[in-house]
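S.K.: So that we are looking at the same thing, I have put the structure below in structure tokens.
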Amino acid sequence: MGLLDYFARLFGSSKKEAQVLCVGLDNSGKSTIINRLKPDESTSEDIVATVGFTVERFQTPGVRFTVFDMSGQGRYRNLWEHYYKDAQAIMFVIDSSDKMRVVVAKEELDMLLDHPDIRVRTIPVLFFANKMDLRESLTSVQCSRLLELEKIKNKQWHICASNALTGEGLHEGVQWLSDQIKL
Amino acid sequence: MSVENGKNELSNVDKSSIMSHEGNTKWLNAHNDPVASLYTFSSCMAFSDISGDGEAKLVIADLGTGTFDMKLKVYKGTTLISENAIIDLPTGVCTFYMDNNEPRVPAIGVASGPYLYVYKNLRPYFKFTLPPLDVNPVEQDLWNQAREDKIDVTVLREMLDSIRREGNEGALTVRSLKFLMLQDREQMESFANLHKVGQLRRQTVITCLDTLHKSTAEDDAISCLVVGTESREIYVLDPEAFTILTKMAVPSVPVFLSVSGLYDVEFRIVMSCRNGNIYTLKRGMKMAKLCFELNSQPVGLQRVGKNIIVGCMDQTLQCYSTKGKKLWTVYLPAAITTMDVMHHRLKGFKAVMVALRNGEVHVYRDKFLINSIKTEDIITGLKFGRFGREDSTLVMSTKRGGLMVKILKRNATFEDKDSVRGPPASQQQKLNVPKKTKVFVDQTMREREHGVSMHRMFQHDLYRLRLTTARAFVKALDSSLTPVSTNPNEPIKLAAQIQGIGPTFKLTVSLQNTSLSKPSMGLLISFLYDEKLYSLQKTMIAVPLLVPGLNYTFETLVECMSDKGIADVIKVFVVKEGRSTPIITAVINMPVSETMVVV
Ligand SMILES: Nc1nc2c(ncn2[C@@H]2O[C@H](COP(=O)(O)OP(=O)(O)O)[C@@H](O)[C@H]2O)c(=O)[nH]1
Ligand SMILES: [Mg+2]
């Protein structure tokens with residue numbers, strides 16, 4: 001065992017572990033975001049539509065994340081709630097260019113926040129208003145107004161505009177999430 | 001809500017009543033643009049992934065004002081991404097795969113006049129023209145003469161008009177019809193001079209359009225186009241070469257089509273026609289077969305499974321089997337404006353959506369109303385299906401030109417509200433039947449032992465009752481105790497009425513001669529009563545000639561002379577001079593009279 005490994009373990013063990021549930025409608029960019037957050041060598045080129053869910057791991061200085069990337073297609077959305085109990089944070093991705101489906105995202109969010117496994121807990125919720133690069137996209141302020149985020153009272157939440165293709169905005173969001181978890 | 005002043009517009013509907021409408025809570029309001037200036041119908045709307053990016057677009061042929069601004073519009077989500085002008089009024093839109101080329105993008109077909117315009121990748125790709133019809137030889141001859149200036153325009157007009165009057169308008173070419181619309185001589189002359197040299201063509205018009213899978217049934221398999229025409233024909237067109245694969249005849253002009261099956265294997269076309277009948281066509285048939293006749297004009301036609309569901313002008317939704325047997329009828333609260341099928345893929349059921357004049361959209365699964373949506377305007381176009389990435393999206397165009405998008409909530413459930421099928425629930429409940437008592441057992445024993453004699457006794461009594469009844473009837477006839485005369489020579493109806501509370505009553509007798517033409521003469525009304533009890537103002541009334549059909553009334557006052565609170569009957573007779581039996585009799589039960597209060 002090398003010295004480096006030793007140090008890594010020493011510091012590693014002081015890291016917090018966090019299970020994050022990544023949800024949002026299909027095609028909002030969840031898999032692309034998570035792929036972007038993974039270390040460079042393991043990113044994949046093509047993102048195909050997720051069936052069921054996939055589990056990904058990555059770390060930030062301080063927190064080791066295990067992310068459940070859930071499929072957002074209508075018929076898989078009822079799987080989400082099975083993972084609510086163990087989730088220590090929620091990452092909710094919105095396609096800010098899909099104006100028509102903001103109401104659907106809101107409906108899913110409302111159901112999530114009202115679920116018995118979520119309602120009373122004080123876990124942090126991070127929103128990505130993704131696809132900010134597209135011309136017709138809504139700003140993060142418009143998104144939070146349409147989703148009525150101001151009504152969330154018992155949880156810390158944060159919204160950032162993001163572009164999963166370039167990675168813009170993602171680190172700001174993940175940094176906020178690590179800070180919340182480390183507290 | 002009501003239709004006002006014949007304007008057919010909804011009076012201002014209370015917004016909050018729409019928000020709180022129970023059926024609306026199953027839907028998310030994704031978009032509502034009341035001023036989209038979109039004027040279209042269900043037949044001119046389609047969902048399709050025409051750019052092949054996995055997101056279904058909304059393709060709409062906008063009728064504009066009917067003469068200007070006709071456009072083919074494509075919406076991606078709620079943004080308009082493309083507009084193409086259409087030259088003539090569109091009558092139908094469909095999307096279909098015309099080849100197996102990659103990437104798989106469907107084409108758009110727009111029916112307009114005698115043409116079918118095909119667009120691919122949002123660019124005009126092909127224009128198909130229906131084959132021309134034969135020109136009436138007399139009409140042809142007339143125009144030939146006009147070309148050689150051998151005929152005067154007024155004579156031409158006269159002759160053309162006579163052809164129009166003989167047959168129907170469809171018998172003439174568009175040129176002749178336009179010519180007939182001109183009023184003064186100058187216009188006619190310039191029109192004739194301008195057009196007489198060209199070749200005379202008679203064309204038909206496409207009335208309806210649908211698609212039919214060619215040889216496989218997958219969603220993205222190649223489809224043929226099915227076209228119904230004003231010349232009472234159905235054409236099936238090949239999607240690659242745009243040749244006519246089959247031509248079939250229909251007894252009347254087809255208006256709505258419903259196509260199912262595969263062209264190469266077996267298919268069925270159900271159509272509702274302008275004569276109010278529903279016809280079917282199958283592979284190999286040359287002429288459509290009558291399926292059933294409706295008692296009201298159809299305004300929409302849908303197929304759900306093996307059933308044909310027709311919306312009619314008399315505010316009914318009727319369901320028939322493919323054999324033409326009527327299965328059920330639902331009476332609707334308002335007239336139908338348009339219809340569509342709601343195919344709920346996730347839950348695996350099909351229902352019929354019916355838009356109504358009162359601004360509501362009703363959803364029927366079989367004959368059960370499972371949902372109703374309230375909107376601010378009358379819906380003219382209705383389309384349910386996959387739009388964008390949502391499988392259960394409802395797009396509606398409104399009469400005032402609005403566009404509405406609603407998305408069905410993921411966990412919305414529908415119940416057949418007005419009935420659980422099978423016996424009603426109360427039938428399952430156990431009744432609290434009491435124990436058998438001794439009396440009950442004794443009765444049963446008695447009935448068992450003396451069954452035969454009991455039956456005989458009953459029959460005996462029954463016959464006696466009938467006999468007594470018959471005797472009383474004969475007696476009544478003999479003495480004319482009935483208020484309707486049975487004497488064929490004096491067909492008279494009598495009605496007597498008593499009014500007042502006493503001691504003075506008014507007795508009104510009305511007589512009607514019920515014969516068709518024979519007047520009655522020489523009749524008298526007389527009364528029979530207890531003279532100690534009553535005194536009548538007139539004891540005999542002479543009846544004038546009774547004209548058939550008219551109602552005559554006669555009145556007399558009756559005074560009750562007793563204050564003992566007793567009442568009797570007064571008999572009213574209609575008698576004829578020189579006959580001993582009355583013609584008719586009425587018996588009036590007098591009410592008990594109030595005593596006179598002497599102050
Ligand atoms: N323009 C743009 N496209 C994005 C962005 N994020 C994701 N996409 C695209 O959106 C599509 C769906 O992404 P995906 O990660 O599969 O969505 P998921 O269903 O939420 O997992 C892919 O084609 C991505 O390339 C973004 O920020 N901007
Ligand atoms: Mg995914």
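Residue numbering restarts at 1 for every chain of the structure tokens, chains are lettered A, B, ... in their displayed order, and ligands are numbered from 1 as they appear.
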When the cut-off is 7 Å and we count only C-alpha atoms, which residues of chain A are near chain B, given as a ChimeraX atom specification?

M.R.: /A:74,100-101,103

S.K.: Run DSSP on the backbone and grab whatever in segment 309-529 of chain B lands in alpha helix (DSSP H); send it over as a ChimeraX atom specification.

M.R.: /B:438-449,451-478

S.K.: Please report, as a Markdown table, each residue of chain B lying at most 12 Å from ligand 1, together with the nearest pair of atoms and the separation in Å rounded to one decimal; use only C-alpha atoms and all ligand atoms, and order rows by chain and ascending residue number.

M.R.:
```
| residue | atom | partner | partner_atom_place_in_ligand_line | distance |
| --- | --- | --- | --- | --- |
| B:Asp53 | CA | ligand 1 | 23 (O) | 9.2 |
| B:Gly54 | CA | ligand 1 | 23 (O) | 10.0 |
| B:Glu55 | CA | ligand 1 | 11 (C) | 11.2 |
| B:Arg389 | CA | ligand 1 | 19 (O) | 10.9 |
```

S.K.: Taking only C-alpha atoms and all ligand atoms into account, which residues are within 9 Å of ligand 2, as a list in words?

M.R.: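 Checked against 9 Å with only C-alpha atoms and all ligand atoms; the hits are Asp26, Asn27, Ser28, Gly29, Lys30, Ser31, Thr32, Ile47, Val48, Ala49, Thr50, Val51, Phe53, Thr54, Asp69, Met70, Ser71, Gly72 and Gln73 of chain A.
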
S.K.: Near Asn154 of chain A, counting only C-alpha atoms, which residues have an atom at most 10 Å away, once you skip same-chain residues fewer than 5 positions from it, shown as a ChimeraX atom specification?

M.R.: /A:119-124

S.K.: Could you tell me how far atom CA of Leu237 of chain B lies from atom CA of Leu130 of chain B, in Å and to one decimal?

M.R.: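 Calculated distance between atom CA of Leu237 of chain B and atom CA of Leu130 of chain B is 10.2 Å.
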
S.K.: For Ala567 of chain B, work out the shell of residues within 9 Å, counting only C-alpha atoms and skipping chain neighbours fewer than 6 positions away, then give it as a PyMOL selection string.

M.R.: chain B and resi 533+560+589-593

S.K.: Report as a PyMOL selection string all protein, DNA and RNA residues lying within 7 Å of Glu56 of chain A, evaluated on only C-alpha atoms, omitting residues in the same chain fewer than 6 positions from it.

M.R.: chain A and resi 66-68

S.K.: Write out the residues from the selection above, keeping all heavy atoms, as a JSON list (two decimals), in the first residue's frame.

M.R.:
```json
[["chain", "number", "residue", "atom", "x", "y", "z"],
["A", 66, "THR", "N", -23.83, 9.32, -4.01],
["A", 66, "THR", "CA", -24.38, 8.19, -4.75],
["A", 66, "THR", "C", -25.69, 8.71, -5.33],
["A", 66, "THR", "O", -26.59, 9.09, -4.58],
["A", 66, "THR", "CB", -24.68, 7.01, -3.81],
["A", 66, "THR", "OG1", -23.47, 6.71, -3.11],
["A", 66, "THR", "CG2", -25.15, 5.80, -4.59],
["A", 67, "VAL", "N", -25.75, 8.77, -6.65],
["A", 67, "VAL", "CA", -26.93, 9.38, -7.26],
["A", 67, "VAL", "C", -27.79, 8.32, -7.95],
["A", 67, "VAL", "O", -27.28, 7.49, -8.69],
["A", 67, "VAL", "CB", -26.53, 10.46, -8.29],
["A", 67, "VAL", "CG1", -27.77, 11.12, -8.86],
["A", 67, "VAL", "CG2", -25.64, 11.48, -7.65],
["A", 68, "PHE", "N", -29.05, 8.35, -7.64],
["A", 68, "PHE", "CA", -30.00, 7.49, -8.34],
["A", 68, "PHE", "C", -30.61, 8.33, -9.46],
["A", 68, "PHE", "O", -31.35, 9.26, -9.20],
["A", 68, "PHE", "CB", -31.10, 7.01, -7.39],
["A", 68, "PHE", "CG", -30.64, 5.95, -6.46],
["A", 68, "PHE", "CD1", -29.87, 6.27, -5.35],
["A", 68, "PHE", "CD2", -30.94, 4.62, -6.70],
["A", 68, "PHE", "CE1", -29.42, 5.28, -4.49],
["A", 68, "PHE", "CE2", -30.50, 3.63, -5.84],
["A", 68, "PHE", "CZ", -29.73, 3.94, -4.73]]
```
